[in-house]
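Working notes, structure below.
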Amino acid sequence: LNQNVFKNALFLSVLTSSMFYITIDNFYAFMINNAILGACLSLILPYLEVTALKNLGKDKYGKSRLYGSIGFMLISLILAKFLSEPKIALHYYLATNVLTVIFALLLLKYDVPSKKKEEQSETFSFFKYWPFWVSLFFMQMSFGGFYNFFTIYETQNGISLEMTSYLWSFGVVCEILMLYYQAPLFKNNLLSILKICVSITIFRWLLLYLYPDSLSMTFFSQSLHAFSFGLYHSAVIMFLYTLYENKKLAQQFMYGVAYGLGGFIGALVAGYVYGEYLFIFSAIFALISLISLFLI
């Protein structure tokens with residue numbers, strides 16, 4: 001993952017965003033187009049993560065990361081109200097993508113190639129730290145029910161769709177606060193932080209199972225997103241940064257194994273088991289993730 005690959009991924013992302021206008025009326029063409037865009041993002045994000053961590057360090061990384069969360073919240077709260085038809089959404093997405101590419105290219109001046117050959121090393125082993133990769137995989141599997149079915153789950157249990165959108169936004173607000181104030185926590189052992197975050201995530205899924213129709217408990221469970229995503233994601237990025245010499249490749253595999261494969265299988269399993277016990281399965285997957293961390 002070098003600068004040329006990064007640039008190609010950026011330009012291809014604009015091309016695939018433009019192709020949405022042509023493919024949107026055909027399911028299979030749209031799916032393939034979306035898959036290519038996903039491949040581009042899997043190259044862009046790891047590059048940005050490593051560049052940010054290398055230049056900003058542990059103290060400021062979270063403060064840079066929170067802007068993504070702010071963007072997500074703005075989309076869910078404001079923009080969604082104005083998207084009356086799919087074509088309007090495509091206009092916004094293409095414009096945002098072009099702006100992303102412009103700023104990403106400007107960011108390259110901060111990524112000065114190292115004289116060391118560590119980034120060119122092709123040696124990479126999953127087996128050396130296999131419990132960590134297993135933990136990553138199952139942690140993201142546990143989010144399959146949440147990311148894909150939380151809205152359906154809550155509305156079927158009597159919470160309105162509008163209130164559910166506020167629940168999503170509240171979780172992101174808590175995540176933003178964590179990203180802003182988390183720096184002092186990273187003076188502690190990163191592995192211990194990961195164990196705490198996964199433990200809190202297990203508790204969070206159990207709350208959703210036990211109190212699906214309680215608005216106050218659901219808001220409380222959403223507040224835990226500060227730990228199960230905000231603090232967890234930053235700790236994972238930093239932990240990987242310390243484990244592997246080829247840091248960009250490590251981040252690529254993190255997005256592939258965790259968010260890619262783990263998220264994909266988690267979504268399929270969540271669809272298969274959807275019902276009253278959905279978040280019991282999520283808690284079990286998170287428990288496997290926690291156990292794996294103790295094997296490192």
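Ordering of the structure tokens sets the chain letters (A, B, ...); residue numbers start at 1 within each chain; ligands are numbered from 1 in the order shown.
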Could you pull the residues within 10 Å of stretch 255-267 of chain A, counting only C-alpha atoms, minus those fewer than 4 positions along the same chain, as an mmCIF file with N, CA and C atoms, in the first residue's frame?
```cif
data_model
loop_
_atom_site.group_PDB
_atom_site.id
_atom_site.type_symbol
_atom_site.label_atom_id
_atom_site.label_comp_id
_atom_site.auth_asym_id
_atom_site.auth_seq_id
_atom_site.Cartn_x
_atom_site.Cartn_y
_atom_site.Cartn_z
ATOM 1 N N GLY A 38 -16.215 -0.563 -2.346
ATOM 2 C CA GLY A 38 -15.783 -1.116 -1.058
ATOM 3 C C GLY A 38 -14.306 -1.492 -1.061
ATOM 4 N N ALA A 39 -13.837 -2.039 -2.194
ATOM 5 C CA ALA A 39 -12.414 -2.383 -2.325
ATOM 6 C C ALA A 39 -11.549 -1.123 -2.273
ATOM 7 N N LEU A 41 -12.298 1.689 -0.714
ATOM 8 C CA LEU A 41 -12.302 2.177 0.671
ATOM 9 C C LEU A 41 -11.384 1.344 1.562
ATOM 10 N N SER A 42 -11.283 0.045 1.258
ATOM 11 C CA SER A 42 -10.422 -0.831 2.067
ATOM 12 C C SER A 42 -8.943 -0.524 1.846
ATOM 13 N N LEU A 43 -8.629 0.223 0.791
ATOM 14 C CA LEU A 43 -7.254 0.682 0.571
ATOM 15 C C LEU A 43 -7.051 2.097 1.118
ATOM 16 N N LEU A 45 -8.810 3.777 3.651
ATOM 17 C CA LEU A 45 -8.908 3.946 5.105
ATOM 18 C C LEU A 45 -7.638 3.531 5.864
ATOM 19 N N PRO A 46 -7.052 2.354 5.568
ATOM 20 C CA PRO A 46 -5.824 1.981 6.295
ATOM 21 C C PRO A 46 -4.691 2.981 6.081
ATOM 22 N N TRP A 133 -6.397 -11.738 16.109
ATOM 23 C CA TRP A 133 -7.192 -11.716 14.878
ATOM 24 C C TRP A 133 -8.532 -12.418 15.084
ATOM 25 N N VAL A 134 -8.532 -13.490 15.859
ATOM 26 C CA VAL A 134 -9.792 -14.177 16.185
ATOM 27 C C VAL A 134 -10.698 -13.242 16.977
ATOM 28 N N SER A 135 -10.094 -12.515 17.923
ATOM 29 C CA SER A 135 -10.855 -11.574 18.746
ATOM 30 C C SER A 135 -11.468 -10.468 17.884
ATOM 31 N N LEU A 136 -10.680 -9.918 16.973
ATOM 32 C CA LEU A 136 -11.173 -8.881 16.067
ATOM 33 C C LEU A 136 -12.367 -9.385 15.255
ATOM 34 N N PHE A 137 -12.215 -10.588 14.725
ATOM 35 C CA PHE A 137 -13.248 -11.186 13.875
ATOM 36 C C PHE A 137 -14.567 -11.339 14.638
ATOM 37 N N PHE A 138 -14.514 -11.927 15.833
ATOM 38 C CA PHE A 138 -15.743 -12.180 16.587
ATOM 39 C C PHE A 138 -16.340 -10.898 17.166
ATOM 40 N N MET A 139 -15.489 -9.917 17.471
ATOM 41 C CA MET A 139 -16.022 -8.639 17.950
ATOM 42 C C MET A 139 -16.891 -8.002 16.871
ATOM 43 N N GLN A 140 -16.419 -8.014 15.632
ATOM 44 C CA GLN A 140 -17.213 -7.429 14.550
ATOM 45 C C GLN A 140 -18.408 -8.303 14.184
ATOM 46 N N MET A 141 -18.275 -9.609 14.356
ATOM 47 C CA MET A 141 -19.439 -10.485 14.173
ATOM 48 C C MET A 141 -20.552 -10.103 15.138
ATOM 49 N N SER A 142 -20.163 -9.738 16.350
ATOM 50 C CA SER A 142 -21.166 -9.394 17.367
ATOM 51 C C SER A 142 -21.937 -8.135 16.988
ATOM 52 N N PHE A 143 -21.344 -7.291 16.135
ATOM 53 C CA PHE A 143 -22.019 -6.070 15.694
ATOM 54 C C PHE A 143 -22.970 -6.308 14.523
ATOM 55 N N GLY A 144 -22.984 -7.542 13.985
ATOM 56 C CA GLY A 144 -23.855 -7.846 12.858
ATOM 57 C C GLY A 144 -25.316 -7.563 13.151
ATOM 58 N N GLY A 145 -25.777 -7.972 14.325
ATOM 59 C CA GLY A 145 -27.161 -7.733 14.707
ATOM 60 C C GLY A 145 -27.451 -6.263 14.927
ATOM 61 N N PHE A 146 -26.469 -5.546 15.479
ATOM 62 C CA PHE A 146 -26.675 -4.127 15.783
ATOM 63 C C PHE A 146 -26.707 -3.277 14.522
ATOM 64 N N TYR A 147 -25.689 -3.388 13.685
ATOM 65 C CA TYR A 147 -25.607 -2.525 12.503
ATOM 66 C C TYR A 147 -26.723 -2.798 11.499
ATOM 67 N N ASN A 148 -27.161 -4.040 11.405
ATOM 68 C CA ASN A 148 -28.126 -4.398 10.370
ATOM 69 C C ASN A 148 -29.576 -4.456 10.852
ATOM 70 N N PHE A 149 -29.780 -4.669 12.162
ATOM 71 C CA PHE A 149 -31.150 -4.917 12.626
ATOM 72 C C PHE A 149 -31.590 -4.087 13.820
ATOM 73 N N ALA A 250 -0.835 -4.205 7.973
ATOM 74 C CA ALA A 250 -1.560 -4.654 9.166
ATOM 75 C C ALA A 250 -2.934 -3.990 9.246
ATOM 76 N N GLN A 251 -2.985 -2.684 8.949
ATOM 77 C CA GLN A 251 -4.264 -1.984 8.976
ATOM 78 C C GLN A 251 -5.190 -2.484 7.866
ATOM 79 N N GLY A 271 -29.142 -12.159 10.302
ATOM 80 C CA GLY A 271 -30.362 -12.342 9.516
ATOM 81 C C GLY A 271 -30.980 -13.706 9.730
ATOM 82 N N TYR A 272 -30.116 -14.706 9.908
ATOM 83 C CA TYR A 272 -30.587 -16.082 10.096
ATOM 84 C C TYR A 272 -31.230 -16.283 11.462
ATOM 85 N N PHE A 281 -27.054 -13.908 20.842
ATOM 86 C CA PHE A 281 -26.007 -14.378 19.926
ATOM 87 C C PHE A 281 -24.886 -13.351 19.828
ATOM 88 N N SER A 282 -25.252 -12.075 19.770
ATOM 89 C CA SER A 282 -24.229 -11.019 19.724
ATOM 90 C C SER A 282 -23.338 -11.073 20.963
ATOM 91 N N PHE A 285 -20.866 -13.997 20.702
ATOM 92 C CA PHE A 285 -19.741 -13.693 19.809
ATOM 93 C C PHE A 285 -18.739 -12.766 20.490
#
```
Report task. Please identify all polymer residues within 7 Å of A:Phe132, counting only C-alpha atoms, omitting same-chain residues fewer than 5 positions from it, and present them as a ChimeraX atom specification. Result -> /A:292-293,296
Can you write out the residues you just picked, keeping N, CA and C atoms, as a short mmCIF file (atom, residue, chain, number, x, y, z; two decimals), in the first residue's frame?
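What ended up in result-v9.cif:
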```
data_model
loop_
_atom_site.label_atom_id
_atom_site.label_comp_id
_atom_site.auth_asym_id
_atom_site.auth_seq_id
_atom_site.Cartn_x
_atom_site.Cartn_y
_atom_site.Cartn_z
N SER A 292 -10.53 -14.81 23.60
CA SER A 292 -9.37 -14.82 22.70
C SER A 292 -8.30 -13.83 23.16
N LEU A 293 -8.74 -12.71 23.69
CA LEU A 293 -7.78 -11.70 24.15
C LEU A 293 -6.92 -12.23 25.30
N ILE A 296 -3.61 -14.05 24.29
CA ILE A 296 -2.47 -13.34 23.70
C ILE A 296 -1.29 -13.36 24.65
#
```
Q: From the DSSP assignment of the backbone, select every residue of stretch 75-200 of chain A that is helix (DSSP H, G or I), and format the answer as a ChimeraX atom specification.
A: /A:75-77,79-82,86-110,118-120,127-142,144-156,161-181,183-187,190-200
At most 12 Å is the cut-off: for each residue in stretch 16-73 of chain A with any atom that close to an atom of stretch 166-183 of chain A, write down the nearest atom pair and the distance in Å rounded to one decimal, counting only C-alpha atoms, chain first then increasing number, as a tab-separated table.
```
residue	atom	partner	partner_atom	distance
A:Leu56	CA	A:Ala183	CA	11.6
A:Gly57	CA	A:Ala183	CA	9.7
A:Lys58	CA	A:Ala183	CA	6.5
A:Asp59	CA	A:Ala183	CA	4.7
A:Lys60	CA	A:Ala183	CA	7.2
A:Tyr61	CA	A:Ala183	CA	8.2
A:Gly62	CA	A:Leu179	CA	4.5
A:Lys63	CA	A:Tyr180	CA	4.9
A:Ser64	CA	A:Leu179	CA	8.4
A:Arg65	CA	A:Leu179	CA	7.0
A:Leu66	CA	A:Ile176	CA	5.3
A:Tyr67	CA	A:Ile176	CA	8.1
A:Gly68	CA	A:Ile176	CA	9.1
A:Ser69	CA	A:Val172	CA	6.3
A:Ile70	CA	A:Ile176	CA	7.2
A:Gly71	CA	A:Val172	CA	10.0
A:Phe72	CA	A:Val172	CA	7.9
A:Met73	CA	A:Ser169	CA	5.7
```
Export of the given selection (C-alpha atoms) as an mmCIF file, in the first residue's frame:
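Result written to result15.cif:
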```
data_model
loop_
_atom_site.group_PDB
_atom_site.id
_atom_site.type_symbol
_atom_site.label_atom_id
_atom_site.label_comp_id
_atom_site.auth_asym_id
_atom_site.auth_seq_id
_atom_site.Cartn_x
_atom_site.Cartn_y
_atom_site.Cartn_z
ATOM 1 C CA LEU A 56 -0.365 12.933 15.226
ATOM 2 C CA GLY A 57 0.555 10.238 17.759
ATOM 3 C CA LYS A 58 -1.668 8.638 20.392
ATOM 4 C CA ASP A 59 -2.662 11.939 22.008
ATOM 5 C CA LYS A 60 -4.234 13.565 18.951
ATOM 6 C CA TYR A 61 -5.353 10.529 16.928
ATOM 7 C CA GLY A 62 -8.778 10.329 18.595
ATOM 8 C CA LYS A 63 -9.447 14.032 18.037
ATOM 9 C CA SER A 64 -8.859 13.573 14.309
ATOM 10 C CA ARG A 65 -10.965 10.411 14.207
ATOM 11 C CA LEU A 66 -13.985 12.091 15.781
ATOM 12 C CA TYR A 67 -14.620 14.134 12.625
ATOM 13 C CA GLY A 68 -15.751 10.950 10.897
ATOM 14 C CA SER A 69 -18.255 10.447 13.688
ATOM 15 C CA ILE A 70 -19.495 14.029 13.340
ATOM 16 C CA GLY A 71 -20.023 13.432 9.617
ATOM 17 C CA PHE A 72 -21.962 10.252 10.314
ATOM 18 C CA MET A 73 -24.220 12.053 12.791
#
```
Need to verify the contact set: stretch 11-27 of chain A, 9 Å, only C-alpha atoms, exclusion of same-chain residues closer than 4 positions in sequence. Can you return it as a ChimeraX atom specification? /A:6-7,31-34,36-41,86-87,90,93-94,97-98,101
Please produce a file of those selected residues containing N, CA and C atoms, as a PDB file, in the first residue's frame.
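Result went into result_0.pdb, see below:
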```pdb
ATOM      1  N   PHE A   6      -2.656   4.238  -3.347  1.00  0.00           N
ATOM      2  CA  PHE A   6      -3.595   5.128  -2.640  1.00  0.00           C
ATOM      3  C   PHE A   6      -4.278   6.089  -3.617  1.00  0.00           C
ATOM      4  N   LYS A   7      -3.480   6.713  -4.501  1.00  0.00           N
ATOM      5  CA  LYS A   7      -4.039   7.641  -5.491  1.00  0.00           C
ATOM      6  C   LYS A   7      -4.998   6.925  -6.444  1.00  0.00           C
ATOM      7  N   MET A  31     -24.687  -3.812  -7.332  1.00  0.00           N
ATOM      8  CA  MET A  31     -23.957  -4.599  -6.331  1.00  0.00           C
ATOM      9  C   MET A  31     -22.469  -4.674  -6.687  1.00  0.00           C
ATOM     10  N   ILE A  32     -22.155  -4.962  -7.952  1.00  0.00           N
ATOM     11  CA  ILE A  32     -20.760  -5.060  -8.393  1.00  0.00           C
ATOM     12  C   ILE A  32     -20.069  -3.708  -8.250  1.00  0.00           C
ATOM     13  N   ASN A  33     -20.772  -2.659  -8.661  1.00  0.00           N
ATOM     14  CA  ASN A  33     -20.228  -1.310  -8.544  1.00  0.00           C
ATOM     15  C   ASN A  33     -19.932  -0.958  -7.089  1.00  0.00           C
ATOM     16  N   ASN A  34     -20.846  -1.327  -6.208  1.00  0.00           N
ATOM     17  CA  ASN A  34     -20.676  -1.064  -4.775  1.00  0.00           C
ATOM     18  C   ASN A  34     -19.513  -1.868  -4.197  1.00  0.00           C
ATOM     19  N   ILE A  36     -16.797  -2.777  -5.834  1.00  0.00           N
ATOM     20  CA  ILE A  36     -15.551  -2.133  -6.271  1.00  0.00           C
ATOM     21  C   ILE A  36     -15.261  -0.907  -5.405  1.00  0.00           C
ATOM     22  N   LEU A  37     -16.314  -0.139  -5.103  1.00  0.00           N
ATOM     23  CA  LEU A  37     -16.144   1.008  -4.214  1.00  0.00           C
ATOM     24  C   LEU A  37     -15.657   0.545  -2.840  1.00  0.00           C
ATOM     25  N   GLY A  38     -16.215  -0.563  -2.346  1.00  0.00           N
ATOM     26  CA  GLY A  38     -15.783  -1.116  -1.058  1.00  0.00           C
ATOM     27  C   GLY A  38     -14.306  -1.492  -1.061  1.00  0.00           C
ATOM     28  N   ALA A  39     -13.837  -2.039  -2.194  1.00  0.00           N
ATOM     29  CA  ALA A  39     -12.414  -2.383  -2.325  1.00  0.00           C
ATOM     30  C   ALA A  39     -11.549  -1.123  -2.273  1.00  0.00           C
ATOM     31  N   CYS A  40     -12.027  -0.061  -2.903  1.00  0.00           N
ATOM     32  CA  CYS A  40     -11.294   1.213  -2.866  1.00  0.00           C
ATOM     33  C   CYS A  40     -11.181   1.730  -1.429  1.00  0.00           C
ATOM     34  N   LEU A  41     -12.298   1.689  -0.714  1.00  0.00           N
ATOM     35  CA  LEU A  41     -12.302   2.177   0.671  1.00  0.00           C
ATOM     36  C   LEU A  41     -11.384   1.344   1.562  1.00  0.00           C
ATOM     37  N   PRO A  86     -33.594   8.619  -4.538  1.00  0.00           N
ATOM     38  CA  PRO A  86     -32.220   8.100  -4.560  1.00  0.00           C
ATOM     39  C   PRO A  86     -31.237   8.970  -5.329  1.00  0.00           C
ATOM     40  N   LYS A  87     -31.683   9.579  -6.443  1.00  0.00           N
ATOM     41  CA  LYS A  87     -30.754  10.362  -7.265  1.00  0.00           C
ATOM     42  C   LYS A  87     -30.171  11.542  -6.478  1.00  0.00           C
ATOM     43  N   LEU A  90     -27.311  10.391  -4.472  1.00  0.00           N
ATOM     44  CA  LEU A  90     -26.128  10.173  -5.308  1.00  0.00           C
ATOM     45  C   LEU A  90     -25.390  11.485  -5.561  1.00  0.00           C
ATOM     46  N   TYR A  93     -23.442  12.146  -2.445  1.00  0.00           N
ATOM     47  CA  TYR A  93     -22.352  11.190  -2.241  1.00  0.00           C
ATOM     48  C   TYR A  93     -21.183  11.498  -3.170  1.00  0.00           C
ATOM     49  N   LEU A  94     -21.480  11.785  -4.440  1.00  0.00           N
ATOM     50  CA  LEU A  94     -20.415  12.086  -5.395  1.00  0.00           C
ATOM     51  C   LEU A  94     -19.665  13.354  -4.991  1.00  0.00           C
ATOM     52  N   ASN A  97     -17.490  12.602  -2.034  1.00  0.00           N
ATOM     53  CA  ASN A  97     -16.370  11.763  -2.442  1.00  0.00           C
ATOM     54  C   ASN A  97     -15.284  12.589  -3.120  1.00  0.00           C
ATOM     55  N   VAL A  98     -15.683  13.514  -3.984  1.00  0.00           N
ATOM     56  CA  VAL A  98     -14.714  14.375  -4.665  1.00  0.00           C
ATOM     57  C   VAL A  98     -13.948  15.223  -3.641  1.00  0.00           C
ATOM     58  N   VAL A 101     -11.388  13.105  -1.879  1.00  0.00           N
ATOM     59  CA  VAL A 101     -10.207  12.870  -2.717  1.00  0.00           C
ATOM     60  C   VAL A 101      -9.289  14.086  -2.702  1.00  0.00           C
TER      61      VAL A 101
END
```
